[in-house]
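> What follows is data.txt; its format and atoms are compact mmCIF, C-alpha atoms and all ligand atoms.
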# COMPACT_ATOMS: atom_id res chain seq x y z
CA MET A 232 34.09 66.34 53.66
CA ALA A 233 31.49 64.14 52.05
CA GLU A 234 31.85 63.57 48.33
CA LYS A 235 29.59 65.73 46.15
CA THR A 236 27.00 63.75 44.20
CA ILE A 237 24.44 64.56 41.53
CA THR A 238 21.15 62.83 40.74
CA ILE A 239 20.76 61.44 37.23
CA LYS A 240 17.24 60.41 36.24
CA VAL A 241 17.24 58.15 33.21
CA LEU A 242 14.21 57.13 31.16
CA ARG A 243 14.47 53.33 31.06
CA TYR A 244 12.66 51.01 28.69
CA ASN A 245 13.15 47.29 28.40
CA PRO A 246 10.98 45.92 25.58
CA GLU A 247 11.00 42.46 27.15
CA GLN A 248 9.52 43.65 30.45
CA ASP A 249 8.09 47.15 30.34
CA GLN A 250 4.78 48.27 28.88
CA ALA A 251 6.04 51.87 28.79
CA PRO A 252 9.27 53.71 29.73
CA VAL A 253 9.81 54.78 33.36
CA PHE A 254 12.36 57.01 35.05
CA GLN A 255 15.04 55.52 37.28
CA ALA A 256 17.27 57.69 39.50
CA TYR A 257 20.97 57.16 40.18
CA GLN A 258 23.41 58.99 42.47
CA VAL A 259 26.69 59.71 40.70
CA PRO A 260 29.84 61.35 42.10
CA PHE A 261 30.07 64.89 40.81
CA SER A 262 33.17 66.58 39.52
CA ASP A 263 33.60 69.79 37.56
CA ASP A 264 34.96 68.22 34.41
CA MET A 265 32.45 65.39 34.03
CA SER A 266 30.15 65.20 31.02
CA VAL A 267 26.68 63.64 31.13
CA LEU A 268 28.12 60.80 29.02
CA GLN A 269 30.76 60.14 31.69
CA ALA A 270 28.02 60.03 34.31
CA LEU A 271 26.16 57.42 32.23
CA LEU A 272 29.38 55.42 31.83
CA PHE A 273 29.83 55.55 35.60
CA ILE A 274 26.32 54.17 36.05
CA LYS A 275 26.99 51.38 33.55
CA ASP A 276 30.39 50.47 35.04
CA GLU A 277 29.58 50.78 38.74
CA LEU A 278 25.84 50.78 39.40
CA ASP A 279 23.76 49.11 36.71
CA GLU A 280 25.22 47.32 33.72
CA THR A 281 21.82 46.90 32.07
CA LEU A 282 21.68 50.59 31.06
CA SER A 283 21.90 50.93 27.25
CA PHE A 284 23.07 53.98 25.32
CA ARG A 285 25.15 54.82 22.24
CA TRP A 286 28.47 56.60 22.21
CA SER A 287 31.87 56.37 20.60
CA CYS A 288 34.21 59.36 20.19
CA ARG A 289 33.49 61.30 23.42
CA MET A 290 34.45 64.49 21.56
CA ALA A 291 31.43 65.71 19.56
CA ILE A 292 32.58 64.16 16.30
CA CYS A 293 30.84 60.81 15.80
CA GLY A 294 27.28 61.99 16.45
CA SER A 295 26.18 58.84 18.33
CA CYS A 296 25.49 60.19 21.82
CA GLY A 297 22.48 62.45 21.13
CA MET A 298 19.78 62.40 23.84
CA MET A 299 17.27 64.66 25.55
CA ILE A 300 18.96 66.30 28.53
CA ASN A 301 16.54 68.20 30.76
CA GLY A 302 14.17 68.40 27.81
CA ASN A 303 16.59 69.65 25.15
CA PRO A 304 18.33 67.63 22.44
CA LYS A 305 22.06 67.54 23.28
CA LEU A 306 25.22 65.56 22.66
CA SER A 307 25.80 63.96 26.06
CA CYS A 308 29.60 64.11 25.60
CA LYS A 309 29.40 67.88 25.06
CA THR A 310 27.04 68.60 27.99
CA PHE A 311 28.67 69.07 31.37
CA LEU A 312 27.32 68.24 34.81
CA ARG A 313 28.68 71.53 36.18
CA ASP A 314 26.19 73.44 34.02
CA ILE A 315 23.27 71.57 35.60
CA TYR A 316 24.47 70.94 39.18
CA PRO A 317 22.87 71.00 41.76
CA GLU A 318 19.71 70.38 39.71
CA THR A 319 18.80 66.83 38.77
CA VAL A 320 19.92 65.70 35.32
CA ARG A 321 16.99 64.22 33.38
CA VAL A 322 18.08 62.04 30.49
CA GLU A 323 15.70 60.59 27.86
CA ALA A 324 16.06 59.01 24.43
CA LEU A 325 15.97 61.49 21.53
CA ASN A 326 12.45 62.79 20.94
CA HIS A 327 10.46 61.85 17.84
CA PHE A 328 12.20 58.49 17.38
CA PRO A 329 10.89 55.13 18.59
CA ILE A 330 12.78 53.84 21.64
CA GLU A 331 14.56 50.56 21.00
CA ARG A 332 15.76 50.24 24.58
CA ASP A 333 16.62 52.84 27.26
CA LEU A 334 18.44 55.69 25.49
CA VAL A 335 18.85 53.85 22.18
CA VAL A 336 16.49 54.95 19.41
CA VAL A 337 15.49 53.27 16.16
CA MET A 338 17.11 55.36 13.44
CA ASP A 339 16.22 53.26 10.38
CA ASP A 340 13.90 56.01 9.17
CA PHE A 341 16.73 58.54 9.05
CA ILE A 342 19.13 56.12 7.34
CA ASP A 343 16.48 55.50 4.69
CA LYS A 344 16.08 59.25 4.14
CA LEU A 345 19.83 59.72 3.97
CA GLU A 346 19.96 57.17 1.14
CA ARG A 347 17.15 58.90 -0.70
CA ILE A 348 18.92 62.27 -0.90
CA GLN A 349 21.96 60.62 -2.62
CA PRO A 350 24.56 62.09 -0.26
CA TYR A 351 27.52 61.89 -2.62
CA ILE A 352 28.81 63.87 -5.59
CA ILE A 353 27.25 62.83 -8.88
CA PRO A 354 29.31 64.61 -11.57
CA ALA A 355 27.46 66.07 -14.57
CA ALA A 356 29.98 64.40 -16.91
CA PRO A 357 32.32 61.60 -15.82
CA ARG A 358 35.88 62.80 -15.54
CA SER A 359 38.88 60.74 -16.58
CA LEU A 360 41.95 60.38 -14.39
CA ALA A 361 44.00 62.18 -17.01
CA GLN A 362 41.82 65.26 -16.56
CA GLY A 363 43.08 65.53 -13.00
CA GLU A 364 41.28 66.71 -9.90
CA TYR A 365 38.37 69.12 -9.69
CA LEU A 366 39.31 72.66 -8.91
CA GLN A 367 37.16 74.78 -6.65
CA THR A 368 37.52 78.42 -5.63
CA PRO A 369 37.18 79.49 -1.96
CA ALA A 370 33.89 81.17 -2.93
CA GLN A 371 32.56 77.88 -4.37
CA LEU A 372 33.65 76.04 -1.23
CA GLU A 373 31.93 78.59 1.00
CA LYS A 374 28.57 77.85 -0.70
CA TYR A 375 28.35 74.39 0.89
CA GLU A 376 31.07 74.15 3.55
CA GLN A 377 28.85 74.89 6.55
CA PHE A 378 26.33 72.22 5.46
CA SER A 379 29.10 69.63 5.13
CA SER A 380 29.81 69.78 8.89
CA CYS A 381 26.81 67.60 9.72
CA ILE A 382 27.63 64.57 11.90
CA ASN A 383 24.20 62.88 11.57
CA CYS A 384 23.56 63.25 15.29
CA LEU A 385 19.77 63.67 14.79
CA LEU A 386 19.48 66.44 17.39
CA CYS A 387 17.72 68.56 14.76
CA TYR A 388 15.12 65.82 14.23
CA ALA A 389 14.45 65.70 17.96
CA ALA A 390 14.01 69.50 17.80
CA CYS A 391 11.57 69.43 14.88
CA PRO A 392 7.89 69.16 15.88
CA GLN A 393 6.90 68.82 12.20
CA TYR A 394 8.99 65.64 11.97
CA GLY A 395 7.42 64.40 15.22
CA LEU A 396 3.93 65.04 13.86
CA ASN A 397 4.64 63.69 10.37
CA PRO A 398 7.59 61.26 10.14
CA GLU A 399 7.25 61.24 6.34
CA PHE A 400 8.97 64.64 6.33
CA ILE A 401 12.56 64.28 5.06
CA GLY A 402 13.55 66.55 7.94
CA PRO A 403 16.26 69.12 8.71
CA GLY A 404 19.49 67.07 8.76
CA ALA A 405 18.95 65.14 5.53
CA LEU A 406 17.71 68.28 3.73
CA ALA A 407 20.81 70.19 4.90
CA LEU A 408 22.96 67.41 3.42
CA LEU A 409 20.91 67.41 0.24
CA HIS A 410 21.62 71.13 -0.03
CA ARG A 411 25.30 70.49 0.67
CA TYR A 412 25.56 68.36 -2.51
CA ASN A 413 23.32 70.56 -4.63
CA ALA A 414 25.40 73.60 -3.73
CA ASP A 415 28.68 71.87 -4.67
CA SER A 416 30.10 73.07 -7.99
CA ARG A 417 31.39 69.52 -8.73
CA ASP A 418 27.91 68.00 -8.56
CA GLY A 419 25.48 67.69 -11.45
CA ALA A 420 22.48 65.94 -9.92
CA SER A 421 20.61 68.84 -8.40
CA ALA A 422 17.62 68.39 -10.75
CA GLN A 423 17.08 64.85 -9.38
CA ARG A 424 17.37 65.99 -5.78
CA MET A 425 15.07 68.97 -6.35
CA GLU A 426 12.27 66.50 -7.09
CA LEU A 427 12.53 65.30 -3.50
CA VAL A 428 12.81 68.88 -2.20
CA ALA A 429 9.51 69.84 -3.86
CA ALA A 430 7.73 66.53 -3.10
CA GLU A 431 4.99 65.99 -0.54
CA GLU A 432 7.60 64.90 2.04
CA GLY A 433 9.93 67.78 1.11
CA VAL A 434 10.71 71.28 2.37
CA PHE A 435 7.13 72.58 2.49
CA ASN A 436 6.50 70.54 5.66
CA CYS A 437 8.72 73.07 7.43
CA THR A 438 6.90 75.92 9.21
CA ALA A 439 10.10 77.74 10.20
CA VAL A 440 10.08 76.83 13.88
CA GLY A 441 13.87 77.20 13.70
CA TYR A 442 14.73 75.13 16.79
CA CYS A 443 16.73 72.66 14.65
CA SER A 444 19.35 75.31 13.98
CA GLU A 445 19.48 76.31 17.67
CA VAL A 446 20.31 72.78 18.82
CA CYS A 447 22.74 71.79 16.05
CA PRO A 448 26.13 71.19 17.71
CA LYS A 449 27.99 71.84 14.43
CA HIS A 450 26.36 75.15 13.41
CA VAL A 451 25.05 73.61 10.22
CA ASP A 452 21.91 75.80 10.36
CA PRO A 453 19.63 73.19 8.74
CA ALA A 454 16.67 75.61 8.87
CA ASN A 455 18.56 77.84 6.48
CA ALA A 456 19.14 74.99 4.00
CA VAL A 457 15.45 74.03 4.16
CA ASN A 458 14.17 77.57 3.70
CA GLN A 459 16.57 78.45 0.89
CA ASN A 460 15.22 75.41 -0.91
CA LYS A 461 11.62 76.53 -0.42
CA THR A 462 12.48 79.59 -2.51
CA THR A 463 14.31 77.51 -5.12
CA ALA A 464 11.47 74.95 -5.36
CA ALA A 465 8.82 77.68 -5.67
CA GLY A 466 10.98 79.44 -8.29
CA ASN A 467 11.32 76.23 -10.32
CA TYR A 468 7.57 75.69 -10.12
CA PHE A 469 6.76 79.10 -11.57
CA MET A 470 9.55 78.89 -14.14
CA SER A 471 8.08 75.59 -15.37
CA PHE A 472 5.09 77.56 -16.75
CA LEU A 473 7.40 79.72 -18.84
CA LYS A 474 9.06 76.81 -20.60
CA PRO A 475 7.47 75.32 -23.71
CA ARG A 476 5.58 72.10 -23.00
CA GLY A 477 7.44 68.80 -23.16
CA THR A 478 10.86 70.32 -22.59
CA SER A 479 10.83 70.39 -18.82
CA LYS A 480 13.88 68.76 -17.26
CA MET B 55 10.81 35.49 17.47
CA SER B 56 12.07 39.04 17.70
CA LYS B 57 12.13 40.59 21.16
CA ARG B 58 12.02 44.06 19.57
CA ARG B 59 9.09 46.23 20.56
CA PRO B 60 10.03 49.86 19.77
CA TYR B 61 8.13 52.31 21.92
CA VAL B 62 6.66 55.37 20.19
CA ARG B 63 6.07 58.34 22.48
CA PRO B 64 2.94 60.47 21.98
CA MET B 65 3.15 64.00 20.55
CA ALA B 66 0.15 65.40 22.48
CA GLY B 67 0.94 68.75 24.11
CA TRP B 68 4.37 68.96 22.41
CA TRP B 69 4.40 72.75 22.23
CA ARG B 70 3.96 73.16 25.99
CA LYS B 71 7.12 71.19 26.73
CA ASN B 72 9.72 73.68 25.56
CA PRO B 73 9.91 77.51 25.92
CA PHE B 74 11.14 77.69 22.32
CA PHE B 75 7.94 76.04 21.09
CA ILE B 76 5.77 78.27 23.30
CA GLU B 77 7.37 81.32 21.71
CA TYR B 78 6.78 79.79 18.28
CA MET B 79 3.09 79.21 19.04
CA ILE B 80 2.66 82.79 20.34
CA HIS B 81 4.38 84.03 17.19
CA GLU B 82 1.97 82.02 15.02
CA GLY B 83 -1.00 83.14 17.18
CA THR B 84 -0.16 86.84 16.83
CA ALA B 85 -0.50 86.42 13.04
CA LEU B 86 -4.28 86.23 13.67
CA PHE B 87 -4.16 89.84 14.90
CA VAL B 88 -2.38 90.89 11.71
CA ALA B 89 -5.20 89.26 9.74
CA ALA B 90 -7.90 90.78 12.00
CA TYR B 91 -6.51 94.26 11.51
CA ALA B 92 -6.38 93.82 7.75
CA LEU B 93 -10.13 93.01 7.94
CA VAL B 94 -10.79 96.17 9.98
CA LEU B 95 -9.04 98.27 7.32
CA LEU B 96 -10.87 96.40 4.56
CA ALA B 97 -14.21 97.17 6.27
CA GLY B 98 -13.18 100.85 6.32
CA LEU B 99 -12.45 100.73 2.61
CA VAL B 100 -15.82 99.11 1.85
CA CYS B 101 -17.60 101.78 3.92
CA LEU B 102 -15.72 104.48 2.04
CA ALA B 103 -16.98 103.02 -1.25
CA LEU B 104 -20.55 102.83 0.08
CA GLY B 105 -20.74 106.57 0.65
CA GLU B 106 -20.44 109.28 3.29
CA ALA B 107 -22.95 107.90 5.79
CA ALA B 108 -21.27 104.49 5.90
CA TRP B 109 -17.82 106.07 6.14
CA ASN B 110 -18.86 108.29 9.05
CA GLY B 111 -20.38 105.25 10.70
CA TRP B 112 -17.07 103.39 10.43
CA LEU B 113 -15.17 106.44 11.75
CA GLY B 114 -17.59 106.63 14.69
CA ALA B 115 -17.16 102.93 15.43
CA MET B 116 -13.37 103.40 15.50
CA LYS B 117 -13.75 105.90 18.38
CA HIS B 118 -15.50 103.45 20.69
CA PRO B 119 -13.33 102.80 23.80
CA LEU B 120 -13.44 99.05 23.18
CA VAL B 121 -12.23 99.55 19.62
CA ILE B 122 -9.40 101.78 20.88
CA LEU B 123 -8.48 99.05 23.34
CA PHE B 124 -8.52 96.56 20.45
CA HIS B 125 -6.11 98.85 18.57
CA LEU B 126 -3.69 98.96 21.50
CA VAL B 127 -3.76 95.18 21.94
CA THR B 128 -3.32 94.68 18.20
CA LEU B 129 -0.39 97.10 18.14
CA ALA B 130 1.37 95.09 20.85
CA MET B 131 0.63 91.80 19.08
CA ILE B 132 1.85 93.05 15.72
CA ALA B 133 5.00 94.46 17.33
CA TYR B 134 5.71 91.04 18.87
CA HIS B 135 4.98 89.35 15.56
CA SER B 136 7.42 91.60 13.69
CA TRP B 137 10.10 91.17 16.32
CA THR B 138 9.95 87.36 16.26
CA TRP B 139 9.54 87.34 12.47
CA PHE B 140 12.72 89.33 11.90
CA LYS B 141 14.49 87.17 14.46
CA ILE B 142 14.01 84.07 12.26
CA MET B 143 14.50 85.94 8.98
CA PRO B 144 18.28 85.25 8.72
CA LYS B 145 17.48 81.51 8.81
CA THR B 146 15.12 81.81 5.87
CA MET B 147 17.27 83.53 3.25
CA PRO B 148 20.34 82.76 1.17
CA PRO B 149 23.59 84.27 2.49
CA VAL B 150 23.96 87.96 1.71
CA VAL B 151 27.55 88.70 0.74
CA ILE B 152 28.61 92.32 0.75
CA GLY B 153 32.17 93.20 -0.22
CA GLY B 154 33.26 89.55 0.08
CA LYS B 155 31.96 89.27 3.65
CA ARG B 156 28.83 87.45 4.78
CA LEU B 157 26.25 89.67 6.48
CA SER B 158 25.70 88.50 10.08
CA ALA B 159 22.32 87.31 11.38
CA ALA B 160 22.19 90.24 13.80
CA MET B 161 22.67 92.71 10.93
CA ILE B 162 19.80 91.14 8.96
CA THR B 163 17.45 91.16 11.96
CA GLY B 164 18.49 94.71 12.86
CA GLY B 165 18.04 95.86 9.26
CA GLY B 166 14.54 94.39 9.11
CA LEU B 167 13.50 96.00 12.39
CA ALA B 168 14.96 99.35 11.30
CA ALA B 169 12.96 99.14 8.05
CA VAL B 170 9.74 98.52 10.03
CA ALA B 171 10.47 101.43 12.37
CA LEU B 172 11.20 103.72 9.43
CA ALA B 173 8.08 102.69 7.50
CA SER B 174 5.91 103.16 10.62
CA LEU B 175 7.35 106.62 11.24
CA LEU B 176 6.80 107.59 7.60
CA ALA B 177 3.18 106.39 7.69
CA LEU B 178 2.61 108.22 10.97
CA GLY B 179 4.18 111.42 9.59
CA LEU B 180 2.05 111.24 6.43
CA PHE B 181 -1.10 110.66 8.45
CA TRP B 182 -0.23 113.52 10.79
CA GLY B 183 0.33 115.84 7.83
CA MET B 184 -3.01 114.85 6.27
CA THR B 185 -5.10 115.38 9.39
CA ARG B 186 -3.61 118.72 10.44
S1 LIG C 501 22.26 69.23 10.95
FE1 LIG C 501 23.28 69.48 12.94
S2 LIG C 501 21.78 68.69 14.45
FE2 LIG C 501 21.14 67.92 12.43
S3 LIG C 501 22.08 65.88 12.25
FE3 LIG C 501 23.52 67.36 11.28
S4 LIG C 501 24.93 67.95 12.93
FE4 LIG C 501 23.17 66.96 13.93
S1 LIG C 502 30.31 60.37 21.74
FE1 LIG C 502 30.73 61.00 19.68
S2 LIG C 502 29.52 62.80 19.53
FE2 LIG C 502 29.31 62.31 21.61
Write out the structure in this file as structure tokens.

Amino acid sequence: MAEKTITIKVLRYNPEQDQAPVFQAYQVPFSDDMSVLQALLFIKDELDETLSFRWSCRMAICGSCGMMINGNPKLSCKTFLRDIYPETVRVEALNHFPIERDLVVVMDDFIDKLERIQPYIIPAAPRSLAQGEYLQTPAQLEKYEQFSSCINCLLCYAACPQYGLNPEFIGPGALALLHRYNADSRDGASAQRMELVAAEEGVFNCTAVGYCSEVCPKHVDPANAVNQNKTTAAGNYFMSFLKPRGTSK
Amino acid sequence: MSKRRPYVRPMAGWWRKNPFFIEYMIHEGTALFVAAYALVLLAGLVCLALGEAAWNGWLGAMKHPLVILFHLVTLAMIAYHSWTWFKIMPKTMPPVVIGGKRLSAAMITGGGLAAVALASLLALGLFWGMTR
């Protein structure tokens, strides 16, 4: 019996030669347990070593292998050929990011945003070693735990048309992480971060499309973080009228 | 010299490329019917304030077959709008914890839809009682 194969169409772009990206098709042996990432590795090892893409863990942990698979943002290591076969697999670089080469995107913009949200605990008062560790109740942990599962895979950015239309928008993933630190009982910097939440590039760019939460491979529900913060930012705004002048912050 | 030349893809027609975005656009579009119907009711209120002749004129206009058709279309649009609105509602609110357990998304959506159904039935019942 002839070996089963599957067609993989990859959007290629070589900045040294191409004016614009073009699709190139490859025939790859099909087996039930193969992921799209494995198919790409097969292409790179056996058919065309010039194909560029990012990957590392092969187990949905590192967040490097995000790409558009048949039009939807997916982790290629967590997407299986058997769920697409016998259709053609169409693979493109993540939407809404500039293409560096083939499936590799330029993610400088996201890294910059990640820095701006200060993704680390900033304690209200420094704590000495002698005071020991912070204690947290299960209820306090629950407030932020889901948002701490983010692996920076950028699938939510590729799912967000508002980010595509206006790249100034801080966007779902970074705002979910911002919320993760603000919701942590050990942190004391939420007033600083709320300035970014309420800013021009903040949460009010979101029109509740909600696709970011659908595509998130870690069930972070970034749309929920963004929309909770709309309420908080609006609340702060109205409360600021109730405070005597000059005492805000 | 750098060989880098990042390629930026255009956004034109973005909402046609994914069924999720098409549903989103229809959801946003049906909001226009909600607004249009509010204007119809507002016009009725203005006519009521202007006196009996104007009010009867508005009532007469409401019986025109085209206006009845408009009502049916608007009803369908508003029903779709409510359905998709309550579907995204769980994503827009802080977690609701009842008895130490977090309320599921399905419960929130279901609760919202039940509230709409109940309010509609109440309004219908009231109206029925008033016109009998
Ligand atoms: S929120 Fe989810 S989809 Fe977005 S970067 Fe984090 S893990 Fe990826
Ligand atoms: S290779 Fe690490 S998430 Fe896919």
> What does the structure give for the distance between CA of Trp68 in chain B and CA of Ile330 in chain A, in Å to one decimal?
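So the two atoms, CA of Trp68 in chain B and CA of Ile330 in chain A, lie 17.3 Å apart.
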> Considering all atoms listed in the file, state which residue in the set B:Lys155, B:His125, B:Lys117, B:Arg186 is at the smallest distance from chain A.
B:Lys155
> State, in Å with one decimal place, the distance from CA of Leu372 in chain A to CA of Arg424 in chain A.
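These two atoms are separated by 19.7 Å.
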> Within 8 Å of chain A, which residues of chain B show up when using all atoms listed in the file, listed as a PyMOL selection string?
chain B and resi 57-63+65+68+71-72+74-75+78+142+144-148
> Which residues form the shell of 6 Å around ligand LIG 502 (chain C) when you count only C-alpha atoms and all ligand atoms, given as a VMD selection string?
chain A and resid 286 to 296 306 to 308
> May I ask for the distance between CA of Met55 in chain B and CA of Phe341 in chain A, given in Å to one decimal place?
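Between CA of Met55 in chain B and CA of Phe341 in chain A the gap works out to 25.2 Å.
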> Can you tell me which residues sit at most 6 Å away from ligand LIG 501 (chain C), counting all atoms listed in the file, written as a list of chain:residue names?
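Selection of residues at most 6 Å from ligand LIG 501 (chain C): A:Cys381, A:Ile382, A:Asn383, A:Cys384, A:Leu385, A:Leu386, A:Cys387, A:Gly404, A:Cys447, A:Pro448, A:Lys449, A:Val451, A:Pro453.
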> Have range 396-405 of chain A completed to all heavy atoms, please, and pass it along as a short mmCIF file (atom, residue, chain, number, x, y, z; two decimals), keeping the file's coordinate frame.

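Saved the output as result-v7.cif:
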data_model
loop_
_atom_site.label_atom_id
_atom_site.label_comp_id
_atom_site.auth_asym_id
_atom_site.auth_seq_id
_atom_site.Cartn_x
_atom_site.Cartn_y
_atom_site.Cartn_z
N LEU A 396 5.34 65.16 14.23
CA LEU A 396 3.93 65.04 13.86
C LEU A 396 3.76 64.25 12.56
O LEU A 396 2.76 63.57 12.36
CB LEU A 396 3.30 66.43 13.72
CG LEU A 396 3.23 67.24 15.02
CD1 LEU A 396 2.93 68.71 14.73
CD2 LEU A 396 2.18 66.66 15.96
N ASN A 397 4.73 64.38 11.65
CA ASN A 397 4.64 63.69 10.37
C ASN A 397 6.00 63.11 9.98
O ASN A 397 6.80 63.77 9.32
CB ASN A 397 4.15 64.66 9.28
CG ASN A 397 4.23 64.05 7.90
OD1 ASN A 397 4.24 62.82 7.76
ND2 ASN A 397 4.31 64.89 6.88
N PRO A 398 6.27 61.87 10.38
CA PRO A 398 7.59 61.26 10.14
C PRO A 398 7.91 61.05 8.65
O PRO A 398 9.03 60.68 8.32
CB PRO A 398 7.52 59.93 10.88
CG PRO A 398 6.34 60.02 11.78
CD PRO A 398 5.40 60.98 11.15
N GLU A 399 6.95 61.32 7.77
CA GLU A 399 7.25 61.24 6.34
C GLU A 399 8.21 62.36 5.92
O GLU A 399 8.96 62.22 4.95
CB GLU A 399 5.96 61.40 5.51
CG GLU A 399 4.96 60.28 5.68
CD GLU A 399 5.45 59.01 5.02
OE1 GLU A 399 5.81 59.09 3.84
OE2 GLU A 399 5.49 57.97 5.70
N PHE A 400 8.14 63.47 6.62
CA PHE A 400 8.97 64.64 6.33
C PHE A 400 10.45 64.25 6.29
O PHE A 400 10.95 63.61 7.21
CB PHE A 400 8.71 65.71 7.41
CG PHE A 400 9.54 66.96 7.28
CD1 PHE A 400 9.95 67.44 6.05
CD2 PHE A 400 9.88 67.68 8.43
CE1 PHE A 400 10.71 68.61 5.95
CE2 PHE A 400 10.63 68.85 8.35
CZ PHE A 400 11.04 69.30 7.10
N ILE A 401 11.13 64.61 5.19
CA ILE A 401 12.56 64.28 5.06
C ILE A 401 13.36 64.85 6.24
O ILE A 401 14.31 64.24 6.71
CB ILE A 401 13.13 64.84 3.73
CG1 ILE A 401 12.37 64.28 2.53
CG2 ILE A 401 14.61 64.56 3.60
CD1 ILE A 401 12.63 62.85 2.21
N GLY A 402 12.97 66.02 6.70
CA GLY A 402 13.55 66.55 7.94
C GLY A 402 14.81 67.38 7.75
O GLY A 402 15.42 67.36 6.68
N PRO A 403 15.19 68.13 8.83
CA PRO A 403 16.26 69.12 8.71
C PRO A 403 17.63 68.56 8.30
O PRO A 403 18.23 69.06 7.36
CB PRO A 403 16.31 69.77 10.10
CG PRO A 403 15.51 68.89 11.00
CD PRO A 403 14.54 68.14 10.15
N GLY A 404 18.13 67.55 9.00
CA GLY A 404 19.49 67.07 8.76
C GLY A 404 19.70 66.57 7.34
O GLY A 404 20.65 66.97 6.65
N ALA A 405 18.80 65.70 6.88
CA ALA A 405 18.95 65.14 5.53
C ALA A 405 18.78 66.23 4.47
O ALA A 405 19.49 66.23 3.46
CB ALA A 405 17.95 64.01 5.30
#
